[in-house]
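Dropping structure-v6.pdb in here (PDB, C-alpha atoms):
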```pdb
ATOM      1  CA  MET A  23      45.728  79.932 -19.573
ATOM      2  CA  ASN A  24      47.810  83.100 -19.875
ATOM      3  CA  LYS A  25      47.576  85.761 -17.197
ATOM      4  CA  ILE A  26      47.255  89.471 -17.965
ATOM      5  CA  LEU A  27      50.264  91.078 -16.274
ATOM      6  CA  GLU A  28      49.546  94.671 -17.238
ATOM      7  CA  LYS A  29      46.674  96.643 -18.739
ATOM      8  CA  ARG A  30      46.862 100.249 -19.903
ATOM      9  CA  VAL A  31      44.327 102.352 -21.761
ATOM     10  CA  LEU A  32      46.446 104.342 -24.219
ATOM     11  CA  THR A  33      43.568 106.377 -25.632
ATOM     12  CA  PRO A  34      39.802 105.869 -25.398
ATOM     13  CA  GLY A  35      39.160 102.511 -27.029
ATOM     14  CA  VAL A  36      42.829 101.538 -27.461
ATOM     15  CA  VAL A  37      44.248  99.119 -24.891
ATOM     16  CA  LEU A  38      47.749  97.771 -24.228
ATOM     17  CA  MET A  39      48.056  94.418 -22.506
ATOM     18  CA  LYS A  40      51.146  92.562 -21.425
ATOM     19  CA  ILE A  41      50.495  88.831 -21.231
ATOM     20  CA  ASP A  42      52.471  86.203 -19.334
ATOM     21  CA  ALA A  43      53.687  83.949 -22.170
ATOM     22  CA  PRO A  44      57.367  83.022 -21.631
ATOM     23  CA  ARG A  45      57.517  80.404 -24.413
ATOM     24  CA  ILE A  46      56.206  82.888 -26.969
ATOM     25  CA  ALA A  47      58.427  85.685 -25.652
ATOM     26  CA  ARG A  48      61.537  83.513 -26.133
ATOM     27  CA  LYS A  49      60.852  83.011 -29.847
ATOM     28  CA  ALA A  50      58.886  86.097 -30.929
ATOM     29  CA  GLU A  51      60.282  88.413 -33.588
ATOM     30  CA  PRO A  52      58.964  91.664 -35.114
ATOM     31  CA  GLY A  53      56.196  91.082 -37.629
ATOM     32  CA  GLN A  54      54.794  87.939 -36.006
ATOM     33  CA  PHE A  55      51.383  87.602 -34.397
ATOM     34  CA  VAL A  56      49.369  85.574 -31.892
ATOM     35  CA  MET A  57      45.883  84.068 -32.035
ATOM     36  CA  ILE A  58      43.781  84.958 -29.011
ATOM     37  CA  MET A  59      40.556  83.729 -27.406
ATOM     38  CA  PRO A  60      39.475  85.649 -24.276
ATOM     39  CA  ASN A  61      37.230  82.757 -23.215
ATOM     40  CA  GLU A  62      36.290  79.302 -24.483
ATOM     41  CA  LYS A  63      33.268  80.579 -26.424
ATOM     42  CA  SER A  64      35.049  83.520 -28.069
ATOM     43  CA  GLU A  65      36.043  83.665 -31.707
ATOM     44  CA  ARG A  66      39.756  83.521 -32.481
ATOM     45  CA  ILE A  67      41.329  86.811 -33.467
ATOM     46  CA  PRO A  68      44.877  87.622 -34.629
ATOM     47  CA  LEU A  69      46.841  90.390 -32.918
ATOM     48  CA  THR A  70      50.338  91.399 -33.936
ATOM     49  CA  ILE A  71      52.998  91.230 -31.240
ATOM     50  CA  ALA A  72      53.789  94.829 -30.305
ATOM     51  CA  ASP A  73      56.701  93.952 -27.994
ATOM     52  CA  TYR A  74      58.222  91.077 -26.058
ATOM     53  CA  ASP A  75      60.386  90.652 -22.979
ATOM     54  CA  ARG A  76      62.500  87.523 -23.273
ATOM     55  CA  GLU A  77      63.880  87.891 -19.743
ATOM     56  CA  ASN A  78      60.580  88.279 -17.908
ATOM     57  CA  GLY A  79      58.374  86.325 -20.317
ATOM     58  CA  GLY A  80      55.919  89.059 -21.215
ATOM     59  CA  VAL A  81      54.316  89.578 -24.627
ATOM     60  CA  THR A  82      52.620  92.876 -25.399
ATOM     61  CA  VAL A  83      49.611  93.335 -27.681
ATOM     62  CA  ILE A  84      47.745  96.540 -28.476
ATOM     63  CA  PHE A  85      44.184  96.506 -29.769
ATOM     64  CA  GLN A  86      41.182  98.706 -30.426
ATOM     65  CA  THR A  87      37.860  97.708 -28.887
ATOM     66  CA  VAL A  88      35.804  97.760 -32.077
ATOM     67  CA  GLY A  89      34.457  94.199 -32.306
ATOM     68  CA  ALA A  90      32.836  91.720 -29.944
ATOM     69  CA  THR A  91      36.068  89.878 -29.107
ATOM     70  CA  THR A  92      38.210  92.973 -28.573
ATOM     71  CA  MET A  93      35.404  94.358 -26.416
ATOM     72  CA  GLU A  94      35.559  91.181 -24.330
ATOM     73  CA  MET A  95      39.288  91.628 -23.943
ATOM     74  CA  GLY A  96      38.878  95.296 -23.069
ATOM     75  CA  GLU A  97      36.641  94.324 -20.163
ATOM     76  CA  MET A  98      39.315  92.031 -18.696
ATOM     77  CA  ASN A  99      41.778  93.276 -16.076
ATOM     78  CA  GLU A 100      45.208  92.541 -14.661
ATOM     79  CA  GLY A 101      45.217  89.120 -13.068
ATOM     80  CA  ASP A 102      42.541  87.720 -15.408
ATOM     81  CA  GLU A 103      43.505  84.847 -17.695
ATOM     82  CA  LEU A 104      42.994  84.475 -21.423
ATOM     83  CA  PHE A 105      41.580  81.129 -22.540
ATOM     84  CA  ALA A 106      43.996  80.886 -25.478
ATOM     85  CA  PHE A 107      47.103  82.793 -26.504
ATOM     86  CA  THR A 108      48.940  80.982 -29.300
ATOM     87  CA  GLY A 109      52.082  81.894 -31.216
ATOM     88  CA  PRO A 110      54.340  83.222 -32.434
ATOM     89  CA  LEU A 111      52.785  82.758 -35.866
ATOM     90  CA  GLY A 112      53.687  84.094 -39.282
ATOM     91  CA  GLN A 113      57.067  84.872 -40.791
ATOM     92  CA  PRO A 114      59.357  87.311 -38.924
ATOM     93  CA  SER A 115      60.114  90.589 -40.646
ATOM     94  CA  HIS A 116      63.378  90.592 -42.599
ATOM     95  CA  THR A 117      65.648  93.235 -41.082
ATOM     96  CA  GLU A 118      69.144  92.017 -41.962
ATOM     97  CA  GLY A 119      71.181  94.117 -44.368
ATOM     98  CA  ILE A 120      69.019  97.222 -44.157
ATOM     99  CA  ARG A 121      71.157 100.285 -43.466
ATOM    100  CA  LYS A 122      68.544 102.989 -43.870
ATOM    101  CA  ALA A 123      64.776 102.620 -43.721
ATOM    102  CA  ALA A 124      61.615 104.655 -43.515
ATOM    103  CA  VAL A 125      59.117 102.952 -41.221
ATOM    104  CA  ILE A 126      55.575 104.241 -41.576
ATOM    105  CA  GLY A 127      52.677 103.575 -39.242
ATOM    106  CA  GLY A 128      49.096 104.689 -39.594
ATOM    107  CA  GLY A 129      46.940 104.873 -36.457
ATOM    108  CA  LEU A 130      46.907 101.547 -34.645
ATOM    109  CA  GLY A 131      49.361 100.296 -37.270
ATOM    110  CA  CYS A 132      52.036 102.139 -35.284
ATOM    111  CA  ALA A 133      51.819  99.335 -32.717
ATOM    112  CA  ILE A 134      52.968  96.951 -35.468
ATOM    113  CA  ALA A 135      55.472  99.325 -37.054
ATOM    114  CA  TYR A 136      57.124 100.094 -33.707
ATOM    115  CA  PRO A 137      58.756  96.658 -33.114
ATOM    116  CA  GLN A 138      60.114  96.649 -36.670
ATOM    117  CA  ALA A 139      61.621 100.117 -36.213
ATOM    118  CA  LYS A 140      63.003  99.056 -32.828
ATOM    119  CA  LYS A 141      64.721  95.959 -34.244
ATOM    120  CA  LEU A 142      66.251  97.912 -37.150
ATOM    121  CA  HIS A 143      67.428 100.627 -34.762
ATOM    122  CA  GLU A 144      69.038  98.020 -32.478
ATOM    123  CA  LEU A 145      70.831  96.546 -35.497
ATOM    124  CA  GLY A 146      72.391  99.928 -36.208
ATOM    125  CA  ALA A 147      70.238 101.046 -39.132
ATOM    126  CA  GLN A 148      69.215 104.648 -39.611
ATOM    127  CA  VAL A 149      65.454 104.712 -39.134
ATOM    128  CA  ASP A 150      63.165 107.559 -40.087
ATOM    129  CA  MET A 151      59.761 106.828 -38.599
ATOM    130  CA  ILE A 152      56.608 108.543 -39.829
ATOM    131  CA  ALA A 153      53.464 108.068 -37.742
ATOM    132  CA  GLY A 154      50.056 109.278 -38.832
ATOM    133  CA  PHE A 155      46.921 109.890 -36.764
ATOM    134  CA  ARG A 156      43.618 111.713 -37.270
ATOM    135  CA  ASN A 157      44.367 114.121 -34.407
ATOM    136  CA  LYS A 158      46.711 114.608 -31.462
ATOM    137  CA  ASP A 159      44.295 113.068 -28.952
ATOM    138  CA  ILE A 160      44.702 109.576 -30.385
ATOM    139  CA  VAL A 161      48.492 109.551 -30.738
ATOM    140  CA  ILE A 162      49.970 106.406 -29.161
ATOM    141  CA  LEU A 163      53.512 105.194 -28.375
ATOM    142  CA  GLU A 164      55.117 108.526 -29.225
ATOM    143  CA  GLU A 165      57.944 108.171 -26.709
ATOM    144  CA  GLU A 166      58.538 104.525 -27.640
ATOM    145  CA  MET A 167      58.683 105.348 -31.350
ATOM    146  CA  LYS A 168      61.055 108.232 -30.691
ATOM    147  CA  ASN A 169      63.441 105.911 -28.843
ATOM    148  CA  ALA A 170      63.234 103.333 -31.642
ATOM    149  CA  SER A 171      64.165 105.679 -34.477
ATOM    150  CA  SER A 172      66.776 108.166 -35.612
ATOM    151  CA  ARG A 173      64.061 110.694 -36.445
ATOM    152  CA  LEU A 174      60.343 110.607 -35.680
ATOM    153  CA  PHE A 175      57.738 112.593 -37.594
ATOM    154  CA  VAL A 176      54.208 112.532 -36.173
ATOM    155  CA  MET A 177      51.583 113.753 -38.636
ATOM    156  CA  THR A 178      47.926 114.518 -37.950
ATOM    157  CA  ASP A 179      45.147 114.890 -40.491
ATOM    158  CA  ASP A 180      43.843 118.031 -38.802
ATOM    159  CA  GLY A 181      47.206 119.491 -37.810
ATOM    160  CA  SER A 182      46.251 119.573 -34.132
ATOM    161  CA  ASN A 183      49.808 118.616 -33.123
ATOM    162  CA  GLY A 184      51.356 121.255 -35.370
ATOM    163  CA  ASN A 185      52.180 118.869 -38.240
ATOM    164  CA  GLN A 186      49.296 118.658 -40.672
ATOM    165  CA  GLY A 187      49.261 116.130 -43.470
ATOM    166  CA  PHE A 188      49.257 112.453 -44.330
ATOM    167  CA  VAL A 189      52.220 110.119 -43.922
ATOM    168  CA  THR A 190      52.651 110.174 -47.696
ATOM    169  CA  ASN A 191      53.099 113.956 -47.600
ATOM    170  CA  LYS A 192      56.030 113.657 -45.194
ATOM    171  CA  LEU A 193      57.541 110.691 -47.043
ATOM    172  CA  GLU A 194      57.411 112.514 -50.362
ATOM    173  CA  GLU A 195      58.934 115.601 -48.741
ATOM    174  CA  LEU A 196      61.855 113.513 -47.486
ATOM    175  CA  LEU A 197      62.319 111.804 -50.854
ATOM    176  CA  GLU A 198      62.220 115.114 -52.702
ATOM    177  CA  ALA A 199      64.847 116.434 -50.273
ATOM    178  CA  GLY A 200      67.174 113.664 -51.433
ATOM    179  CA  GLU A 201      66.755 110.973 -48.766
ATOM    180  CA  LYS A 202      67.674 107.510 -50.044
ATOM    181  CA  TYR A 203      66.147 104.461 -48.368
ATOM    182  CA  ASP A 204      67.049 100.816 -48.786
ATOM    183  CA  GLU A 205      63.495  99.957 -47.858
ATOM    184  CA  VAL A 206      60.194 101.518 -46.830
ATOM    185  CA  ILE A 207      58.008  99.603 -44.381
ATOM    186  CA  ALA A 208      54.348 100.673 -44.270
ATOM    187  CA  ILE A 209      51.803  99.346 -41.779
ATOM    188  CA  GLY A 210      48.306 100.646 -41.206
ATOM    189  CA  PRO A 211      44.934 100.990 -42.943
ATOM    190  CA  LEU A 212      44.756  99.386 -46.371
ATOM    191  CA  MET A 213      44.198 102.678 -48.188
ATOM    192  CA  MET A 214      47.226 104.189 -46.457
ATOM    193  CA  MET A 215      49.477 101.278 -47.396
ATOM    194  CA  LYS A 216      48.204 101.394 -50.967
ATOM    195  CA  ALA A 217      48.956 105.134 -51.160
ATOM    196  CA  VAL A 218      52.477 104.631 -49.792
ATOM    197  CA  CYS A 219      53.150 101.882 -52.335
ATOM    198  CA  GLU A 220      51.907 104.034 -55.212
ATOM    199  CA  LEU A 221      54.311 106.766 -54.099
ATOM    200  CA  THR A 222      57.375 104.571 -53.568
ATOM    201  CA  LYS A 223      56.827 102.757 -56.849
ATOM    202  CA  LYS A 224      57.511 106.041 -58.660
ATOM    203  CA  TYR A 225      60.853 106.275 -56.845
ATOM    204  CA  GLY A 226      61.745 102.610 -57.284
ATOM    205  CA  ILE A 227      62.052 101.946 -53.538
ATOM    206  CA  LYS A 228      61.367  98.452 -52.202
ATOM    207  CA  THR A 229      58.307  98.643 -49.972
ATOM    208  CA  ILE A 230      57.098  96.055 -47.467
ATOM    209  CA  VAL A 231      53.547  96.033 -46.098
ATOM    210  CA  SER A 232      52.025  93.992 -43.275
ATOM    211  CA  MET A 233      48.724  92.405 -44.290
ATOM    212  CA  ASN A 234      45.978  91.451 -41.868
ATOM    213  CA  PRO A 235      43.057  90.076 -43.906
ATOM    214  CA  ILE A 236      40.266  87.879 -42.558
ATOM    215  CA  MET A 237      41.921  85.172 -40.471
ATOM    216  CA  ILE A 238      40.400  82.226 -38.617
ATOM    217  CA  ASP A 239      42.993  79.661 -37.553
ATOM    218  CA  GLY A 240      46.343  81.333 -38.252
ATOM    219  CA  THR A 241      47.903  78.154 -39.660
ATOM    220  CA  GLY A 242      46.947  78.300 -43.349
ATOM    221  CA  MET A 243      44.245  75.612 -43.126
ATOM    222  CA  CYS A 244      41.122  77.767 -43.446
ATOM    223  CA  GLY A 245      42.209  79.837 -46.451
ATOM    224  CA  GLY A 246      40.395  82.888 -45.139
ATOM    225  CA  CYS A 247      43.466  85.118 -45.215
ATOM    226  CA  ARG A 248      44.256  84.561 -48.887
ATOM    227  CA  LEU A 249      45.351  87.462 -51.019
ATOM    228  CA  THR A 250      46.904  87.901 -54.426
ATOM    229  CA  VAL A 251      50.578  88.878 -54.557
ATOM    230  CA  GLY A 252      52.293  89.111 -57.910
ATOM    231  CA  GLY A 253      49.438  87.209 -59.515
ATOM    232  CA  GLN A 254      49.759  84.293 -57.092
ATOM    233  CA  THR A 255      47.559  83.311 -54.167
ATOM    234  CA  LYS A 256      49.293  83.732 -50.820
ATOM    235  CA  PHE A 257      48.153  83.207 -47.250
ATOM    236  CA  ALA A 258      48.929  86.029 -44.843
ATOM    237  CA  CYS A 259      49.203  83.735 -41.819
ATOM    238  CA  VAL A 260      51.943  81.463 -43.173
ATOM    239  CA  ASP A 261      53.463  83.279 -46.173
ATOM    240  CA  GLY A 262      53.324  86.667 -44.455
ATOM    241  CA  PRO A 263      52.130  88.846 -42.920
ATOM    242  CA  ASP A 264      54.871  90.882 -44.674
ATOM    243  CA  PHE A 265      54.706  91.159 -48.458
ATOM    244  CA  ASP A 266      56.177  93.238 -51.270
ATOM    245  CA  GLY A 267      53.660  96.075 -51.391
ATOM    246  CA  HIS A 268      54.219  96.709 -55.075
ATOM    247  CA  LEU A 269      52.921  93.205 -55.839
ATOM    248  CA  VAL A 270      49.853  93.162 -53.559
ATOM    249  CA  ASP A 271      46.425  93.419 -55.207
ATOM    250  CA  PHE A 272      45.080  96.027 -52.790
ATOM    251  CA  ASP A 273      41.749  96.430 -54.577
ATOM    252  CA  GLU A 274      40.978  92.746 -54.027
ATOM    253  CA  VAL A 275      42.041  92.866 -50.370
ATOM    254  CA  ILE A 276      39.962  95.980 -49.707
ATOM    255  CA  LEU A 277      36.900  94.362 -51.294
ATOM    256  CA  ARG A 278      37.314  91.156 -49.244
ATOM    257  CA  SER A 279      37.801  93.133 -46.019
ATOM    258  CA  ARG A 280      34.215  94.378 -46.316
ATOM    259  CA  MET A 281      32.623  90.938 -46.750
ATOM    260  CA  TYR A 282      31.557  90.363 -43.154
ATOM    261  CA  ARG A 283      30.700  93.862 -41.985
ATOM    262  CA  ALA A 284      27.070  92.959 -41.325
ATOM    263  CA  GLU A 285      28.034  89.892 -39.263
ATOM    264  CA  GLU A 286      30.660  91.895 -37.360
ATOM    265  CA  ALA A 287      28.138  94.609 -36.549
ATOM    266  CA  LYS A 288      25.614  92.007 -35.365
ATOM    267  CA  ALA A 289      28.166  90.342 -33.058
ATOM    268  CA  ARG A 290      29.193  93.728 -31.666
ATOM    269  CA  ASP A 291      25.579  94.739 -31.013
ATOM    270  CA  GLU A 292      24.809  91.417 -29.337
ATOM    271  CA  HIS A 293      27.811  91.831 -27.041
ATOM    272  CA  CYS A 294      26.806  95.388 -26.145
ATOM    273  CA  ASN A 295      23.229  94.298 -25.399
ATOM    274  CA  LEU A 296      24.510  91.443 -23.217
ATOM    275  CA  MET A 297      26.648  93.863 -21.205
ATOM    276  CA  LYS A 298      23.698  96.206 -20.732
ATOM    277  CA  MET A 299      21.643  93.302 -19.383
ATOM    278  CA  LYS A 300      24.422  92.371 -16.959
ATOM    279  CA  VAL A 301      24.613  95.951 -15.701
ATOM    280  CA  LYS A 302      20.832  95.975 -15.134
ATOM    281  CA  GLY A 303      21.031  92.578 -13.425
ATOM    282  CA  GLU A 304      18.613  90.921 -15.825
TER     283      GLU A 304
END
```

As structure tokens, the full file:
Amino acid sequence: MNKILEKRVLTPGVVLMKIDAPRIARKAEPGQFVMIMPNEKSERIPLTIADYDRENGGVTVIFQTVGATTMEMGEMNEGDELFAFTGPLGQPSHTEGIRKAAVIGGGLGCAIAYPQAKKLHELGAQVDMIAGFRNKDIVILEEEMKNASSRLFVMTDDGSNGNQGFVTNKLEELLEAGEKYDEVIAIGPLMMMKAVCELTKKYGIKTIVSMNPIMIDGTGMCGGCRLTVGGQTKFACVDGPDFDGHLVDFDEVILRSRMYRAEEAKARDEHCNLMKMKVKGE
């Protein structure tokens, strides 16, 4: 059992939790993830490690309450214990030798991009971070991202924060202005990562993406997280989650990501109905 040390609602539906997991905190690196079960009857879900505190043993995850399991987690509070919290899993992000990078996060993907930017910044690299959100009301981790980068650009689709545009607009503006990056790291919705890769391919810039396909066990045994990279089958949980974005078959990944929408919606509705019954005392 792993106790919830801290719970914060960052925006409606987006929750930060710090979990007591000293063994994981000692070994965790940016890019890795944990498998979580709120209770013994829950499904397993993967969540990327957003931060870790080696000294105090805390591991931070950030999630959106959109499915049955994340809704279960969202209803838990400080002092409650998770049934299972396993990790760190996956390959750590490669940060050595990078002198200048553009780190791009889209929406909740900023929670995954942040630790990579932080590690690069601590290693002395120049980090330009570009964060994209639909509007200013759902911006998360702005102060943390600012402290983990040399320059932070926060873009909103509607321009409600004064900077209208997509992350690709800002990246292209920087590239056209003459910025040279050793590497671009893009993490967020599949369509966003695909768009970033299409842009950087024209400039010949190495681009790393973090993939989070359907995942069941997190150890490579189930095969659910398979994707095609450079014409070869890879498993996100053991070969990744970081991959060369120019080699990822995004069309295949996007198609597979929609396979279980009906089942996901059913599980979510069942959970919501169960909570309504509990509120009514039935």

TODO: Compile the contact shell of A:Gly240 as a list in words: residues with an atom at most 8 Å away, counting only C-alpha atoms, same-chain residues fewer than 4 positions apart removed.
DONE: Met57, Pro68, Leu111, Gly112, Cys259 and Val260 of chain A

- [ ] Considering all atoms listed in the file, return as number ranges by chain whatever protein or nucleic-acid residues lie within 12 Å of A:Thr222, sequence-local ones (same chain, fewer than 5 positions apart) excluded.
- [x] A: 124, 190-191, 193-194, 196-198, 202-208, 215-217, 227-231, 266-268

Task: atom CA of A:Ala147 to atom CA of A:Ala123, straight-line distance in Å - done: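 Atom CA of A:Ala147 lies 7.3 Å from atom CA of A:Ala123.
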
Running the PyMOL selection byres ((chain A and resi 245-256) around 7) on this model by hand, what would come out? Give it as a PDB file with C-alpha atoms, keeping the file's coordinate frame.
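Written file, expr.pdb:
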```
ATOM      1  CA  PRO A 235      43.057  90.076 -43.906  1.00  0.00           C
ATOM      2  CA  ILE A 236      40.266  87.879 -42.558  1.00  0.00           C
ATOM      3  CA  MET A 237      41.921  85.172 -40.471  1.00  0.00           C
ATOM      4  CA  ILE A 238      40.400  82.226 -38.617  1.00  0.00           C
ATOM      5  CA  GLY A 242      46.947  78.300 -43.349  1.00  0.00           C
ATOM      6  CA  MET A 243      44.245  75.612 -43.126  1.00  0.00           C
ATOM      7  CA  CYS A 244      41.122  77.767 -43.446  1.00  0.00           C
ATOM      8  CA  PHE A 257      48.153  83.207 -47.250  1.00  0.00           C
ATOM      9  CA  ALA A 258      48.929  86.029 -44.843  1.00  0.00           C
ATOM     10  CA  CYS A 259      49.203  83.735 -41.819  1.00  0.00           C
ATOM     11  CA  ASP A 261      53.463  83.279 -46.173  1.00  0.00           C
ATOM     12  CA  LEU A 269      52.921  93.205 -55.839  1.00  0.00           C
ATOM     13  CA  VAL A 270      49.853  93.162 -53.559  1.00  0.00           C
ATOM     14  CA  ASP A 271      46.425  93.419 -55.207  1.00  0.00           C
ATOM     15  CA  VAL A 275      42.041  92.866 -50.370  1.00  0.00           C
TER      16      VAL A 275
END
```

Expected axis-aligned box over every listed atom of stretch 73-83 of chain A, 8 Å added per side, centre plus edges in Å to one decimal, as lines of an AutoDock Vina configuration file:
```
center_x = 56.7
center_y = 90.1
center_z = -23.0
size_x = 30.3
size_y = 23.6
size_z = 26.1
```

TODO: Specify as a PyMOL selection string each residue included when the PyMOL selection byres ((chain A and resi 125) around 12) is applied to this file.
DONE: chain A and resi 117+120+122-124+126-128+131-143+147-154+167-168+170-176+189-190+192-193+203-210+215+218+229-232

Task: Å distance separating atom CA of A:Val83 from atom CA of A:Glu100, one decimal place - done: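 Answer for the atom CA of A:Val83 to atom CA of A:Glu100 separation: 13.8 Å.
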
Open item on the list: Could you tell me how far atom CA of A:Leu38 sits from atom CA of A:Asp159, in Å to one decimal place?
Closed with: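 Result for atom CA of A:Asp159 versus atom CA of A:Leu38: 16.4 Å, one decimal.
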
Open item on the list: Set the distance at 10 Å and use only C-alpha atoms: which residues neighbour A:Leu32 once local chain neighbours fewer than 6 positions away are removed? I'd like the list as a PyMOL selection string.
Closed with: chain A and resi 38+84-86+160-163

Task: Contact residues around A:Asn183 with only C-alpha atoms at 10 Å, ignoring same-chain residues under 2 positions, as a list in words - done: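 So the residues in contact are Phe155, Asn157, Lys158, Asp159, Val161, Val176, Met177, Thr178, Asp179, Asp180, Gly181, Asn185 and Gln186 of chain A.
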
- [ ] Select, counting only C-alpha atoms, all protein, DNA and RNA residues no farther than 10 Å from (63.5, 85.6, -36.1) in file coordinates, and express the selection as a PyMOL selection string.
- [x] chain A and resi 49-54+113-117

Open item on the list: Once the PyMOL selection byres ((chain A and resi 59) around 9) has been evaluated on this model, what residues remain selected, and can you format them as a ChimeraX atom specification?
Closed with: /A:57-58,60-67,91,95,104-107

Open item on the list: Given only C-alpha atoms as the basis, pick out the residue of A:Glu94, A:Lys29, A:Pro110, A:Asp75 nearest to A:Ile46.
Closed with: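 Closest residue, counting only C-alpha atoms: A:Pro110.
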
Task: Which of A:Met233, A:Val37, A:Ala47, A:Ile276 sits closest to A:Leu130 [using only C-alpha atoms] - done: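 Closest to A:Leu130 of all the choices is A:Val37.
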
TODO: Considering all atoms listed in the file, state which residue in the set A:Gly187, A:Lys25, A:Asn234, A:Arg278 is at the smallest distance from A:Gly101.
DONE: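 Using all atoms listed in the file, the shortest distance to A:Gly101 belongs to A:Lys25.
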
Task: Residue nearest A:Gly109 among A:Asp273, A:Glu220, A:Glu144, A:Asp239 (counting all atoms listed in the file) - done: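 Comparing A:Asp273, A:Glu220, A:Glu144, A:Asp239 against A:Gly109, the winner is A:Asp239.
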
Missing atoms in stretch 260-266 of chain A should be modelled up to all heavy atoms and reported as a PDB file, in the frame of the given file.
```pdb
ATOM      1  N   VAL A 260      50.755  82.309 -43.058  1.00  0.00           N
ATOM      2  CA  VAL A 260      51.943  81.463 -43.173  1.00  0.00           C
ATOM      3  C   VAL A 260      52.980  82.009 -44.161  1.00  0.00           C
ATOM      4  O   VAL A 260      54.178  81.819 -43.980  1.00  0.00           O
ATOM      5  CB  VAL A 260      51.572  80.010 -43.568  1.00  0.00           C
ATOM      6  CG1 VAL A 260      50.852  79.313 -42.434  1.00  0.00           C
ATOM      7  CG2 VAL A 260      50.730  79.980 -44.835  1.00  0.00           C
ATOM      8  N   ASP A 261      52.531  82.678 -45.210  1.00  0.00           N
ATOM      9  CA  ASP A 261      53.463  83.279 -46.173  1.00  0.00           C
ATOM     10  C   ASP A 261      53.881  84.678 -45.745  1.00  0.00           C
ATOM     11  O   ASP A 261      54.900  85.196 -46.186  1.00  0.00           O
ATOM     12  CB  ASP A 261      52.820  83.362 -47.563  1.00  0.00           C
ATOM     13  CG  ASP A 261      52.474  82.002 -48.132  1.00  0.00           C
ATOM     14  OD1 ASP A 261      53.311  81.090 -47.991  1.00  0.00           O
ATOM     15  OD2 ASP A 261      51.377  81.844 -48.691  1.00  0.00           O
ATOM     16  N   GLY A 262      53.090  85.292 -44.912  1.00  0.00           N
ATOM     17  CA  GLY A 262      53.324  86.667 -44.455  1.00  0.00           C
ATOM     18  C   GLY A 262      53.430  86.703 -42.950  1.00  0.00           C
ATOM     19  O   GLY A 262      53.901  85.742 -42.345  1.00  0.00           O
ATOM     20  N   PRO A 263      52.994  87.816 -42.342  1.00  0.00           N
ATOM     21  CA  PRO A 263      52.130  88.846 -42.920  1.00  0.00           C
ATOM     22  C   PRO A 263      52.829  89.904 -43.780  1.00  0.00           C
ATOM     23  O   PRO A 263      52.169  90.741 -44.371  1.00  0.00           O
ATOM     24  CB  PRO A 263      51.479  89.491 -41.692  1.00  0.00           C
ATOM     25  CG  PRO A 263      52.480  89.303 -40.605  1.00  0.00           C
ATOM     26  CD  PRO A 263      53.146  87.984 -40.872  1.00  0.00           C
ATOM     27  N   ASP A 264      54.165  89.876 -43.869  1.00  0.00           N
ATOM     28  CA  ASP A 264      54.871  90.882 -44.674  1.00  0.00           C
ATOM     29  C   ASP A 264      54.926  90.452 -46.140  1.00  0.00           C
ATOM     30  O   ASP A 264      55.231  89.290 -46.440  1.00  0.00           O
ATOM     31  CB  ASP A 264      56.301  91.060 -44.156  1.00  0.00           C
ATOM     32  CG  ASP A 264      56.357  91.771 -42.823  1.00  0.00           C
ATOM     33  OD1 ASP A 264      55.302  92.206 -42.326  1.00  0.00           O
ATOM     34  OD2 ASP A 264      57.472  91.898 -42.275  1.00  0.00           O
ATOM     35  N   PHE A 265      54.640  91.421 -47.030  1.00  0.00           N
ATOM     36  CA  PHE A 265      54.706  91.159 -48.458  1.00  0.00           C
ATOM     37  C   PHE A 265      55.260  92.377 -49.180  1.00  0.00           C
ATOM     38  O   PHE A 265      55.223  93.503 -48.657  1.00  0.00           O
ATOM     39  CB  PHE A 265      53.315  90.838 -49.023  1.00  0.00           C
ATOM     40  CG  PHE A 265      52.723  89.563 -48.520  1.00  0.00           C
ATOM     41  CD1 PHE A 265      51.796  89.580 -47.477  1.00  0.00           C
ATOM     42  CD2 PHE A 265      53.084  88.342 -49.067  1.00  0.00           C
ATOM     43  CE1 PHE A 265      51.246  88.397 -46.994  1.00  0.00           C
ATOM     44  CE2 PHE A 265      52.542  87.152 -48.590  1.00  0.00           C
ATOM     45  CZ  PHE A 265      51.627  87.183 -47.555  1.00  0.00           C
ATOM     46  N   ASP A 266      55.749  92.150 -50.400  1.00  0.00           N
ATOM     47  CA  ASP A 266      56.177  93.238 -51.270  1.00  0.00           C
ATOM     48  C   ASP A 266      54.936  94.043 -51.659  1.00  0.00           C
ATOM     49  O   ASP A 266      54.067  93.547 -52.387  1.00  0.00           O
ATOM     50  CB  ASP A 266      56.849  92.658 -52.515  1.00  0.00           C
ATOM     51  CG  ASP A 266      57.411  93.725 -53.449  1.00  0.00           C
ATOM     52  OD1 ASP A 266      56.899  94.858 -53.447  1.00  0.00           O
ATOM     53  OD2 ASP A 266      58.346  93.415 -54.210  1.00  0.00           O
TER      54      ASP A 266
END
```
